[in-house]
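Source file: entry08.cif. Holds: mmCIF, C-alpha atoms.
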data_target
loop_
_atom_site.group_PDB
_atom_site.id
_atom_site.type_symbol
_atom_site.label_atom_id
_atom_site.label_comp_id
_atom_site.auth_asym_id
_atom_site.auth_seq_id
_atom_site.Cartn_x
_atom_site.Cartn_y
_atom_site.Cartn_z
ATOM 1 C CA MET A 13 -26.447 64.859 -3.504
ATOM 2 C CA ALA A 14 -25.454 61.265 -2.925
ATOM 3 C CA ALA A 15 -21.960 60.551 -1.676
ATOM 4 C CA PRO A 16 -19.683 58.907 -4.250
ATOM 5 C CA ARG A 17 -19.332 55.169 -3.880
ATOM 6 C CA SER A 18 -16.023 53.629 -3.006
ATOM 7 C CA PRO A 19 -14.518 51.573 -5.817
ATOM 8 C CA VAL A 20 -15.126 47.828 -5.528
ATOM 9 C CA THR A 21 -11.943 45.887 -4.795
ATOM 10 C CA PHE A 22 -11.713 42.380 -6.210
ATOM 11 C CA VAL A 23 -9.429 39.901 -4.474
ATOM 12 C CA ARG A 24 -7.975 37.053 -6.486
ATOM 13 C CA VAL A 25 -8.406 33.603 -5.043
ATOM 14 C CA ASP A 26 -4.676 32.898 -5.198
ATOM 15 C CA GLU A 27 -4.056 36.044 -3.134
ATOM 16 C CA VAL A 28 -6.186 34.879 -0.206
ATOM 17 C CA ALA A 29 -4.072 34.354 2.875
ATOM 18 C CA TRP A 30 -3.514 30.768 3.931
ATOM 19 C CA ILE A 31 -4.796 29.477 7.265
ATOM 20 C CA GLU A 32 -2.673 27.028 9.221
ATOM 21 C CA ALA A 33 -4.627 23.918 10.166
ATOM 22 C CA ARG A 34 -3.070 23.912 13.628
ATOM 23 C CA THR A 35 -4.913 27.158 14.401
ATOM 24 C CA LEU A 36 -8.293 25.460 13.824
ATOM 25 C CA ASP A 37 -9.972 22.620 15.668
ATOM 26 C CA VAL A 38 -9.679 19.202 14.019
ATOM 27 C CA GLU A 39 -13.419 18.821 13.378
ATOM 28 C CA THR A 40 -13.656 22.088 11.462
ATOM 29 C CA THR A 41 -10.581 21.265 9.378
ATOM 30 C CA ARG A 42 -11.682 17.737 8.508
ATOM 31 C CA GLU A 43 -15.260 18.733 7.607
ATOM 32 C CA THR A 44 -13.987 21.557 5.409
ATOM 33 C CA PHE A 45 -11.528 19.201 3.716
ATOM 34 C CA ALA A 46 -14.291 16.606 3.210
ATOM 35 C CA LEU A 47 -16.536 19.126 1.462
ATOM 36 C CA ALA A 48 -13.696 20.166 -0.844
ATOM 37 C CA ALA A 49 -12.701 16.541 -1.443
ATOM 38 C CA ARG A 50 -16.224 15.696 -2.581
ATOM 39 C CA HIS A 51 -16.087 18.411 -5.254
ATOM 40 C CA VAL A 52 -12.622 17.338 -6.432
ATOM 41 C CA LEU A 53 -13.631 13.673 -6.632
ATOM 42 C CA ALA A 54 -16.892 14.495 -8.400
ATOM 43 C CA ASP A 55 -14.914 16.450 -10.997
ATOM 44 C CA THR A 56 -12.561 13.490 -11.387
ATOM 45 C CA ALA A 57 -15.529 11.174 -11.974
ATOM 46 C CA THR A 58 -16.582 13.145 -15.056
ATOM 47 C CA GLU A 59 -13.776 11.453 -17.016
ATOM 48 C CA TYR A 60 -14.005 7.733 -17.730
ATOM 49 C CA HIS A 61 -11.371 5.674 -15.912
ATOM 50 C CA ALA A 62 -9.869 8.779 -14.292
ATOM 51 C CA VAL A 63 -8.419 8.478 -10.781
ATOM 52 C CA ILE A 64 -6.576 10.794 -8.402
ATOM 53 C CA THR A 65 -3.796 9.902 -5.997
ATOM 54 C CA VAL A 66 -3.880 10.574 -2.269
ATOM 55 C CA ALA A 67 -1.114 13.164 -2.615
ATOM 56 C CA GLU A 68 -2.910 14.950 -5.459
ATOM 57 C CA LEU A 69 -6.197 15.033 -3.564
ATOM 58 C CA ALA A 70 -4.485 16.335 -0.426
ATOM 59 C CA GLN A 71 -2.922 19.158 -2.422
ATOM 60 C CA ALA A 72 -6.225 19.976 -4.176
ATOM 61 C CA VAL A 73 -8.312 20.233 -0.993
ATOM 62 C CA GLN A 74 -5.744 22.476 0.653
ATOM 63 C CA GLN A 75 -5.668 24.694 -2.427
ATOM 64 C CA ARG A 76 -9.462 24.956 -2.500
ATOM 65 C CA THR A 77 -9.888 25.659 1.204
ATOM 66 C CA LYS A 78 -6.711 27.698 1.691
ATOM 67 C CA ILE A 79 -6.095 25.625 4.824
ATOM 68 C CA ARG A 80 -2.520 24.388 4.953
ATOM 69 C CA GLN A 81 -2.071 21.047 6.673
ATOM 70 C CA ARG A 82 1.537 20.401 7.655
ATOM 71 C CA GLN A 83 0.904 16.766 8.575
ATOM 72 C CA ALA A 84 1.444 13.998 6.054
ATOM 73 C CA PRO A 85 -1.725 13.085 4.092
ATOM 74 C CA SER A 86 -1.538 9.526 5.400
ATOM 75 C CA LEU A 87 -2.387 10.853 8.880
ATOM 76 C CA TRP A 88 -5.640 12.593 7.957
ATOM 77 C CA MET A 89 -6.832 11.658 4.465
ATOM 78 C CA GLY A 90 -8.466 8.421 5.655
ATOM 79 C CA ASP A 91 -10.748 10.360 7.993
ATOM 80 C CA VAL A 92 -11.575 12.903 5.285
ATOM 81 C CA LEU A 93 -12.541 10.171 2.821
ATOM 82 C CA TYR A 94 -14.576 8.427 5.512
ATOM 83 C CA ARG A 95 -16.630 11.624 5.869
ATOM 84 C CA VAL A 96 -17.031 11.765 2.082
ATOM 85 C CA ALA A 97 -18.217 8.147 2.118
ATOM 86 C CA LYS A 98 -20.845 8.892 4.757
ATOM 87 C CA ASP A 99 -22.124 11.767 2.629
ATOM 88 C CA CYS A 100 -22.279 9.505 -0.436
ATOM 89 C CA ARG A 101 -24.231 6.967 1.585
ATOM 90 C CA ARG A 102 -26.675 9.650 2.673
ATOM 91 C CA ARG A 103 -27.180 10.665 -0.951
ATOM 92 C CA ALA A 104 -27.508 7.019 -2.091
ATOM 93 C CA GLU A 105 -24.509 7.493 -4.373
ATOM 94 C CA PRO A 106 -21.551 5.249 -5.221
ATOM 95 C CA LEU A 107 -18.513 5.937 -3.058
ATOM 96 C CA LEU A 108 -16.422 8.717 -4.555
ATOM 97 C CA GLY A 109 -13.497 7.650 -2.383
ATOM 98 C CA ALA A 110 -12.960 4.717 -4.758
ATOM 99 C CA LEU A 111 -11.430 7.246 -7.163
ATOM 100 C CA CYS A 112 -8.616 8.031 -4.716
ATOM 101 C CA VAL A 113 -5.730 5.598 -5.120
ATOM 102 C CA GLY A 114 -2.199 5.172 -3.840
ATOM 103 C CA PRO A 115 0.909 6.015 -5.899
ATOM 104 C CA ASP A 116 0.881 2.491 -7.361
ATOM 105 C CA GLY A 117 -2.769 2.718 -8.429
ATOM 106 C CA ARG A 118 -4.029 0.516 -5.598
ATOM 107 C CA MET A 119 -6.466 1.197 -2.812
ATOM 108 C CA SER A 120 -5.249 2.273 0.592
ATOM 109 C CA GLU A 121 -5.925 0.208 3.701
ATOM 110 C CA TRP A 122 -8.740 2.506 4.794
ATOM 111 C CA TYR A 123 -10.989 1.541 1.857
ATOM 112 C CA ALA A 124 -12.276 -1.850 3.024
ATOM 113 C CA ASP A 125 -12.803 -0.564 6.577
ATOM 114 C CA THR A 126 -14.723 2.463 5.296
ATOM 115 C CA VAL A 127 -17.035 0.346 3.129
ATOM 116 C CA ASN A 128 -17.697 -1.964 6.068
ATOM 117 C CA SER A 129 -18.376 0.944 8.423
ATOM 118 C CA VAL A 130 -20.607 2.905 6.042
ATOM 119 C CA ARG A 131 -22.470 0.080 4.303
ATOM 120 C CA GLY A 132 -21.872 -2.930 6.495
ATOM 121 C CA ASP A 133 -20.342 -4.861 3.570
ATOM 122 C CA VAL A 134 -17.302 -7.081 4.021
ATOM 123 C CA VAL A 135 -14.821 -6.394 1.229
ATOM 124 C CA THR A 136 -12.646 -9.379 0.410
ATOM 125 C CA ASP A 137 -11.127 -7.923 -2.766
ATOM 126 C CA PRO A 138 -10.658 -4.136 -2.385
ATOM 127 C CA GLU A 139 -9.270 -3.677 -5.902
ATOM 128 C CA GLN A 140 -12.223 -5.344 -7.635
ATOM 129 C CA HIS A 141 -14.758 -3.676 -5.354
ATOM 130 C CA ALA A 142 -13.241 -0.221 -5.917
ATOM 131 C CA ALA A 143 -13.079 -0.766 -9.692
ATOM 132 C CA GLU A 144 -16.805 -1.541 -9.809
ATOM 133 C CA GLU A 145 -17.550 1.407 -7.534
ATOM 134 C CA ARG A 146 -15.554 3.739 -9.778
ATOM 135 C CA LEU A 147 -17.549 2.627 -12.808
ATOM 136 C CA GLU A 148 -20.753 3.572 -10.985
ATOM 137 C CA CYS A 149 -19.209 6.949 -10.142
ATOM 138 C CA TYR A 150 -18.452 7.595 -13.813
ATOM 139 C CA ARG A 151 -22.036 6.759 -14.730
ATOM 140 C CA ARG A 152 -23.470 8.877 -11.922
ATOM 141 C CA HIS A 153 -21.378 11.978 -12.611
ATOM 142 C CA GLY A 154 -21.777 12.092 -16.383
ATOM 143 C CA ALA A 155 -18.566 10.678 -17.774
ATOM 144 C CA GLU A 156 -18.647 9.827 -21.481
ATOM 145 C CA LEU A 157 -18.750 6.046 -21.495
ATOM 146 C CA PRO A 158 -17.885 3.712 -24.376
ATOM 147 C CA PRO A 159 -20.571 1.645 -26.097
ATOM 148 C CA GLY A 160 -21.906 -0.975 -23.719
ATOM 149 C CA GLY A 161 -21.573 1.192 -20.621
ATOM 150 C CA GLY A 162 -17.885 0.688 -19.891
ATOM 151 C CA GLU A 163 -16.162 -1.796 -17.644
ATOM 152 C CA PRO A 164 -14.311 -1.743 -14.307
ATOM 153 C CA ALA A 165 -10.617 -0.908 -14.591
ATOM 154 C CA LEU A 166 -8.223 -2.684 -12.272
ATOM 155 C CA PRO A 167 -4.765 -1.304 -11.464
ATOM 156 C CA PRO A 168 -1.818 -2.912 -13.266
ATOM 157 C CA ARG A 169 -0.489 -6.046 -11.621
ATOM 158 C CA ARG A 170 3.140 -5.499 -10.752
ATOM 159 C CA GLU A 171 3.854 -8.605 -8.775
ATOM 160 C CA LEU A 172 5.313 -11.678 -10.481
ATOM 161 C CA ALA A 173 2.789 -14.097 -11.903
ATOM 162 C CA ARG A 174 2.413 -17.291 -9.896
ATOM 163 C CA ARG A 175 1.468 -20.781 -10.883
ATOM 164 C CA PRO A 176 -1.200 -22.736 -9.004
ATOM 165 C CA GLY A 177 0.385 -23.852 -5.773
ATOM 166 C CA GLY A 178 2.312 -20.644 -5.240
ATOM 167 C CA THR A 179 5.366 -21.335 -7.384
ATOM 168 C CA ARG A 180 6.643 -18.494 -9.506
ATOM 169 C CA THR A 181 6.605 -18.755 -13.270
ATOM 170 C CA SER A 182 9.693 -17.964 -15.244
ATOM 171 C CA ALA A 183 10.855 -18.235 -18.822
ATOM 172 C CA PRO A 184 12.208 -21.698 -19.710
ATOM 173 C CA ARG A 185 15.943 -21.844 -19.715
ATOM 174 C CA ALA A 186 17.832 -22.935 -22.806
ATOM 175 C CA PRO A 187 19.304 -26.432 -22.415
ATOM 176 C CA ARG A 188 22.929 -26.406 -21.543
ATOM 177 C CA GLU A 189 25.402 -27.810 -23.989
ATOM 178 C CA PRO A 190 26.969 -31.053 -22.762
ATOM 179 C CA ARG A 191 30.418 -30.581 -21.456
ATOM 180 C CA GLN A 192 33.236 -32.079 -23.426
ATOM 181 C CA PRO A 193 35.173 -34.691 -21.468
ATOM 182 C CA ARG A 194 38.508 -33.436 -20.395
ATOM 183 C CA ALA A 195 41.623 -35.140 -21.675
ATOM 184 C CA PRO A 196 43.357 -37.074 -18.940
ATOM 185 C CA LYS A 197 46.394 -35.390 -17.604
ATOM 186 C CA GLU A 198 49.653 -36.834 -18.743
ATOM 187 C CA THR A 199 51.575 -38.214 -15.871
ATOM 188 C CA VAL A 200 55.318 -38.455 -16.242
ATOM 189 C CA SER A 201 56.869 -40.982 -13.971
ATOM 190 C CA LYS A 202 60.328 -40.080 -12.938
ATOM 191 C CA ALA A 203 62.717 -42.953 -12.430
ATOM 192 C CA ARG A 204 64.284 -42.849 -9.019
ATOM 193 C CA GLN A 205 67.920 -42.092 -9.265
ATOM 194 C CA PRO A 206 70.142 -44.428 -7.208
ATOM 195 C CA ASP A 207 71.782 -42.878 -4.215
ATOM 196 C CA PRO A 208 75.443 -42.085 -4.782
ATOM 197 C CA PRO A 209 77.815 -44.563 -3.089
ATOM 198 C CA LYS A 210 79.143 -43.482 0.261
ATOM 199 C CA ALA A 211 82.840 -42.593 0.359
ATOM 200 C CA ALA A 212 85.038 -44.972 2.369
ATOM 201 C CA THR A 213 86.451 -43.568 5.606
ATOM 202 C CA CYS A 214 89.338 -44.579 7.782
ATOM 203 C CA PRO A 215 88.136 -46.702 10.705
ATOM 204 C CA ARG A 216 90.667 -45.021 12.993
ATOM 205 C CA CYS A 217 90.521 -41.283 12.167
ATOM 206 C CA PHE A 218 87.300 -41.361 10.134
ATOM 207 C CA MET A 219 88.893 -39.336 7.347
ATOM 208 C CA GLN A 220 87.869 -40.029 3.771
ATOM 209 C CA LEU A 221 90.206 -42.558 2.157
ATOM 210 C CA PRO A 222 91.785 -41.806 -1.181
ATOM 211 C CA ALA A 223 91.391 -44.035 -4.208
ATOM 212 C CA THR A 224 94.278 -46.185 -2.998
ATOM 213 C CA GLY A 225 92.325 -47.197 0.103
ATOM 214 C CA LEU A 226 95.283 -46.271 2.358
ATOM 215 C CA CYS A 227 94.865 -43.518 4.928
ATOM 216 C CA ASP A 228 97.496 -40.854 4.413
ATOM 217 C CA THR A 229 97.093 -39.666 7.986
ATOM 218 C CA CYS A 230 97.387 -42.922 9.877
ATOM 219 C CA ASP A 231 99.749 -44.862 7.598
#

Represent the structure of the file as structure tokens.
Amino acid sequence: MAAPRSPVTFVRVDEVAWIEARTLDVETTRETFALAARHVLADTATEYHAVITVAELAQAVQQRTKIRQRQAPSLWMGDVLYRVAKDCRRRAEPLLGALCVGPDGRMSEWYADTVNSVRGDVVTDPEQHAAEERLECYRRHGAELPPGGGEPALPPRRELARRPGGTRTSAPRAPREPRQPRAPKETVSKARQPDPPKAATCPRCFMQLPATGLCDTCD
């Protein structure tokens, strides 16, 4: 008689214990993150004009691998995306890393260096280059494209528009109304009052003389 089987225990993915990245060597962590990042970016590329931010991608790869990285994404995401780019090059695919943008929708500094390192191309306009690369990713990974095959999407321009020569443009100001001439101030000339006559004094005692002109003290 066969022994009864033990019941199969299923473990939910969200119940898997997390692993701290500091307990693993850097190479293992980065390669595992790169593999997860490729899947996340490929999923993103299935939607036309879809992108994912660095912070969102960092959270997604940690969730998929159950490896918690305490460092800021800016310290390790560039290396992870460089590994993804090398894999794309090996597969003769467009660079999936072009789908990963900063919080303002623009490419991080690593992008141009990665393209140069992986392909040997010098990127003078990272935004335009990444937009064209993203379009190729959408086509490669089965996104539903509009008639005509779609077009590259650039991030919104937030800086102020500039005229040729580097001067900023601004809305024309309304002409100021001419100032009304001020009425001249009225000046009132005050006639100088004559000084009061000095009272006569006695030449001997220097006392003030009465109206009679005779000193009551000396006379």

Who sits within 12 Å of Asp55 of chain A, all atoms listed in the file, same chain under 2 positions skipped, as a PDB file with C-alpha atoms, in the coordinates of the input:
ATOM      1  CA  ALA A  48     -13.696  20.166  -0.844  1.00  0.00           C
ATOM      2  CA  ALA A  49     -12.701  16.541  -1.443  1.00  0.00           C
ATOM      3  CA  ARG A  50     -16.224  15.696  -2.581  1.00  0.00           C
ATOM      4  CA  HIS A  51     -16.087  18.411  -5.254  1.00  0.00           C
ATOM      5  CA  VAL A  52     -12.622  17.338  -6.432  1.00  0.00           C
ATOM      6  CA  LEU A  53     -13.631  13.673  -6.632  1.00  0.00           C
ATOM      7  CA  ALA A  57     -15.529  11.174 -11.974  1.00  0.00           C
ATOM      8  CA  THR A  58     -16.582  13.145 -15.056  1.00  0.00           C
ATOM      9  CA  GLU A  59     -13.776  11.453 -17.016  1.00  0.00           C
ATOM     10  CA  TYR A  60     -14.005   7.733 -17.730  1.00  0.00           C
ATOM     11  CA  ALA A  62      -9.869   8.779 -14.292  1.00  0.00           C
ATOM     12  CA  VAL A  63      -8.419   8.478 -10.781  1.00  0.00           C
ATOM     13  CA  ILE A  64      -6.576  10.794  -8.402  1.00  0.00           C
ATOM     14  CA  LEU A  69      -6.197  15.033  -3.564  1.00  0.00           C
ATOM     15  CA  ALA A  72      -6.225  19.976  -4.176  1.00  0.00           C
ATOM     16  CA  LEU A 108     -16.422   8.717  -4.555  1.00  0.00           C
ATOM     17  CA  LEU A 111     -11.430   7.246  -7.163  1.00  0.00           C
ATOM     18  CA  CYS A 149     -19.209   6.949 -10.142  1.00  0.00           C
ATOM     19  CA  TYR A 150     -18.452   7.595 -13.813  1.00  0.00           C
ATOM     20  CA  ARG A 152     -23.470   8.877 -11.922  1.00  0.00           C
ATOM     21  CA  HIS A 153     -21.378  11.978 -12.611  1.00  0.00           C
ATOM     22  CA  GLY A 154     -21.777  12.092 -16.383  1.00  0.00           C
ATOM     23  CA  ALA A 155     -18.566  10.678 -17.774  1.00  0.00           C
TER      24      ALA A 155
END

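Using all atoms listed in the file, the nearest neighbour of Cys112 of chain A within the list A:Leu47, A:Leu226, A:Ile79, A:Ala67 is A:Ala67.
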
Legend entry - Residues matched by the PyMOL selection byres ((chain A and resi 89-102) around 8) as a count of residues only: 25

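Nearest residue to Pro115 of chain A among A:His61, A:Leu166, A:Glu68, A:Glu39 is A:Glu68, counting all atoms listed in the file.
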
Inset, instruction - Would you list the residues near (-7.9, -1.1, -4.9), meaning any protein, DNA or RNA residue with an atom at most 10 Å from that point in file coordinates, counting only C-alpha atoms, as a list in words? - result: Ala110, Leu111, Cys112, Val113, Gly114, Asp116, Gly117, Arg118, Met119, Ser120, Glu121, Tyr123, Ala124, Asp137, Pro138, Glu139, Gln140, His141, Ala142, Ala143, Leu166 and Pro167 of chain A

Inset, instruction - Grab the atom CA of Glu144 of chain A to atom CA of Pro158 of chain A distance for me, in Å with one decimal place. - result: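 Separating atom CA of Glu144 of chain A from atom CA of Pro158 of chain A is a distance of 15.5 Å.
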
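When only C-alpha atoms are used to compute distances to Thr44 of chain A, the closest of the residues A:Gly132, A:Ala29, A:Arg76, A:Gln71 turns out to be A:Arg76.
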
Legend entry - Atom-to-atom span, atom CA of Leu147 of chain A and atom CA of Asp133 of chain A, Å: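 One can read the atom CA of Leu147 of chain A to atom CA of Asp133 of chain A distance as 18.2 Å.
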
Inset, instruction - Work out how far atom CA of Leu36 of chain A is from atom CA of Gln81 of chain A, in Å to one decimal. - result: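 Going from atom CA of Gln81 of chain A over to atom CA of Leu36 of chain A covers 10.5 Å.
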
Could you give me the centre and size, in Å to one decimal, of an axis-aligned box around all listed atoms of segment 66-81 of chain A with 8 Å added on every side, as JSON?
{"center_x": -5.5, "center_y": 19.1, "center_z": 0.6, "size_x": 24.8, "size_y": 33.1, "size_z": 28.1}

Would you mind completing segment 37-65 of chain A so that it carries N, CA and C atoms, and writing it out as a PDB file, in the frame of the given file?
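out_11.pdb written:
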ATOM      1  N   ASP A  37      -9.720  23.908  15.028  1.00  0.00           N
ATOM      2  CA  ASP A  37      -9.972  22.620  15.668  1.00  0.00           C
ATOM      3  C   ASP A  37     -10.063  21.541  14.592  1.00  0.00           C
ATOM      4  N   VAL A  38      -9.772  20.306  14.973  1.00  0.00           N
ATOM      5  CA  VAL A  38      -9.679  19.202  14.019  1.00  0.00           C
ATOM      6  C   VAL A  38     -10.998  18.989  13.287  1.00  0.00           C
ATOM      7  N   GLU A  39     -12.119  19.074  13.992  1.00  0.00           N
ATOM      8  CA  GLU A  39     -13.419  18.821  13.378  1.00  0.00           C
ATOM      9  C   GLU A  39     -13.695  19.813  12.247  1.00  0.00           C
ATOM     10  N   THR A  40     -13.429  21.081  12.496  1.00  0.00           N
ATOM     11  CA  THR A  40     -13.656  22.088  11.462  1.00  0.00           C
ATOM     12  C   THR A  40     -12.784  21.831  10.245  1.00  0.00           C
ATOM     13  N   THR A  41     -11.510  21.519  10.486  1.00  0.00           N
ATOM     14  CA  THR A  41     -10.581  21.265   9.378  1.00  0.00           C
ATOM     15  C   THR A  41     -11.011  20.060   8.559  1.00  0.00           C
ATOM     16  N   ARG A  42     -11.338  18.961   9.230  1.00  0.00           N
ATOM     17  CA  ARG A  42     -11.682  17.737   8.508  1.00  0.00           C
ATOM     18  C   ARG A  42     -12.990  17.888   7.726  1.00  0.00           C
ATOM     19  N   GLU A  43     -13.988  18.545   8.305  1.00  0.00           N
ATOM     20  CA  GLU A  43     -15.260  18.733   7.607  1.00  0.00           C
ATOM     21  C   GLU A  43     -15.077  19.646   6.393  1.00  0.00           C
ATOM     22  N   THR A  44     -14.247  20.667   6.541  1.00  0.00           N
ATOM     23  CA  THR A  44     -13.987  21.557   5.409  1.00  0.00           C
ATOM     24  C   THR A  44     -13.237  20.816   4.309  1.00  0.00           C
ATOM     25  N   PHE A  45     -12.255  20.011   4.692  1.00  0.00           N
ATOM     26  CA  PHE A  45     -11.528  19.201   3.716  1.00  0.00           C
ATOM     27  C   PHE A  45     -12.460  18.205   3.025  1.00  0.00           C
ATOM     28  N   ALA A  46     -13.378  17.603   3.777  1.00  0.00           N
ATOM     29  CA  ALA A  46     -14.291  16.606   3.210  1.00  0.00           C
ATOM     30  C   ALA A  46     -15.199  17.231   2.155  1.00  0.00           C
ATOM     31  N   LEU A  47     -15.682  18.437   2.429  1.00  0.00           N
ATOM     32  CA  LEU A  47     -16.536  19.126   1.462  1.00  0.00           C
ATOM     33  C   LEU A  47     -15.765  19.423   0.179  1.00  0.00           C
ATOM     34  N   ALA A  48     -14.521  19.887   0.336  1.00  0.00           N
ATOM     35  CA  ALA A  48     -13.696  20.166  -0.844  1.00  0.00           C
ATOM     36  C   ALA A  48     -13.346  18.882  -1.577  1.00  0.00           C
ATOM     37  N   ALA A  49     -13.062  17.818  -0.825  1.00  0.00           N
ATOM     38  CA  ALA A  49     -12.701  16.541  -1.443  1.00  0.00           C
ATOM     39  C   ALA A  49     -13.848  15.997  -2.281  1.00  0.00           C
ATOM     40  N   ARG A  50     -15.071  16.176  -1.810  1.00  0.00           N
ATOM     41  CA  ARG A  50     -16.224  15.696  -2.581  1.00  0.00           C
ATOM     42  C   ARG A  50     -16.267  16.375  -3.952  1.00  0.00           C
ATOM     43  N   HIS A  51     -16.051  17.686  -3.982  1.00  0.00           N
ATOM     44  CA  HIS A  51     -16.087  18.411  -5.254  1.00  0.00           C
ATOM     45  C   HIS A  51     -14.950  17.957  -6.176  1.00  0.00           C
ATOM     46  N   VAL A  52     -13.770  17.772  -5.617  1.00  0.00           N
ATOM     47  CA  VAL A  52     -12.622  17.338  -6.432  1.00  0.00           C
ATOM     48  C   VAL A  52     -12.878  15.944  -7.005  1.00  0.00           C
ATOM     49  N   LEU A  53     -13.378  15.035  -6.179  1.00  0.00           N
ATOM     50  CA  LEU A  53     -13.631  13.673  -6.632  1.00  0.00           C
ATOM     51  C   LEU A  53     -14.768  13.621  -7.646  1.00  0.00           C
ATOM     52  N   ALA A  54     -15.790  14.446  -7.442  1.00  0.00           N
ATOM     53  CA  ALA A  54     -16.892  14.495  -8.400  1.00  0.00           C
ATOM     54  C   ALA A  54     -16.401  14.998  -9.755  1.00  0.00           C
ATOM     55  N   ASP A  55     -15.502  15.972  -9.743  1.00  0.00           N
ATOM     56  CA  ASP A  55     -14.914  16.450 -10.997  1.00  0.00           C
ATOM     57  C   ASP A  55     -14.084  15.353 -11.660  1.00  0.00           C
ATOM     58  N   THR A  56     -13.362  14.592 -10.853  1.00  0.00           N
ATOM     59  CA  THR A  56     -12.561  13.490 -11.387  1.00  0.00           C
ATOM     60  C   THR A  56     -13.450  12.454 -12.046  1.00  0.00           C
ATOM     61  N   ALA A  57     -14.622  12.202 -11.472  1.00  0.00           N
ATOM     62  CA  ALA A  57     -15.529  11.174 -11.974  1.00  0.00           C
ATOM     63  C   ALA A  57     -16.175  11.541 -13.299  1.00  0.00           C
ATOM     64  N   THR A  58     -16.005  12.755 -13.768  1.00  0.00           N
ATOM     65  CA  THR A  58     -16.582  13.145 -15.056  1.00  0.00           C
ATOM     66  C   THR A  58     -15.773  12.624 -16.230  1.00  0.00           C
ATOM     67  N   GLU A  59     -14.614  12.020 -15.958  1.00  0.00           N
ATOM     68  CA  GLU A  59     -13.776  11.453 -17.016  1.00  0.00           C
ATOM     69  C   GLU A  59     -13.659   9.952 -16.808  1.00  0.00           C
ATOM     70  N   TYR A  60     -13.996   9.190 -17.810  1.00  0.00           N
ATOM     71  CA  TYR A  60     -14.005   7.733 -17.730  1.00  0.00           C
ATOM     72  C   TYR A  60     -12.617   7.183 -17.404  1.00  0.00           C
ATOM     73  N   HIS A  61     -12.585   6.339 -16.393  1.00  0.00           N
ATOM     74  CA  HIS A  61     -11.371   5.674 -15.912  1.00  0.00           C
ATOM     75  C   HIS A  61     -10.361   6.626 -15.281  1.00  0.00           C
ATOM     76  N   ALA A  62     -10.774   7.841 -14.968  1.00  0.00           N
ATOM     77  CA  ALA A  62      -9.869   8.779 -14.292  1.00  0.00           C
ATOM     78  C   ALA A  62      -9.806   8.464 -12.802  1.00  0.00           C
ATOM     79  N   VAL A  63      -8.623   8.637 -12.224  1.00  0.00           N
ATOM     80  CA  VAL A  63      -8.419   8.478 -10.781  1.00  0.00           C
ATOM     81  C   VAL A  63      -7.544   9.632 -10.307  1.00  0.00           C
ATOM     82  N   ILE A  64      -7.422   9.769  -8.999  1.00  0.00           N
ATOM     83  CA  ILE A  64      -6.576  10.794  -8.402  1.00  0.00           C
ATOM     84  C   ILE A  64      -5.830  10.168  -7.233  1.00  0.00           C
ATOM     85  N   THR A  65      -4.577  10.493  -7.079  1.00  0.00           N
ATOM     86  CA  THR A  65      -3.796   9.902  -5.997  1.00  0.00           C
ATOM     87  C   THR A  65      -4.078  10.624  -4.683  1.00  0.00           C
TER      88      THR A  65
END
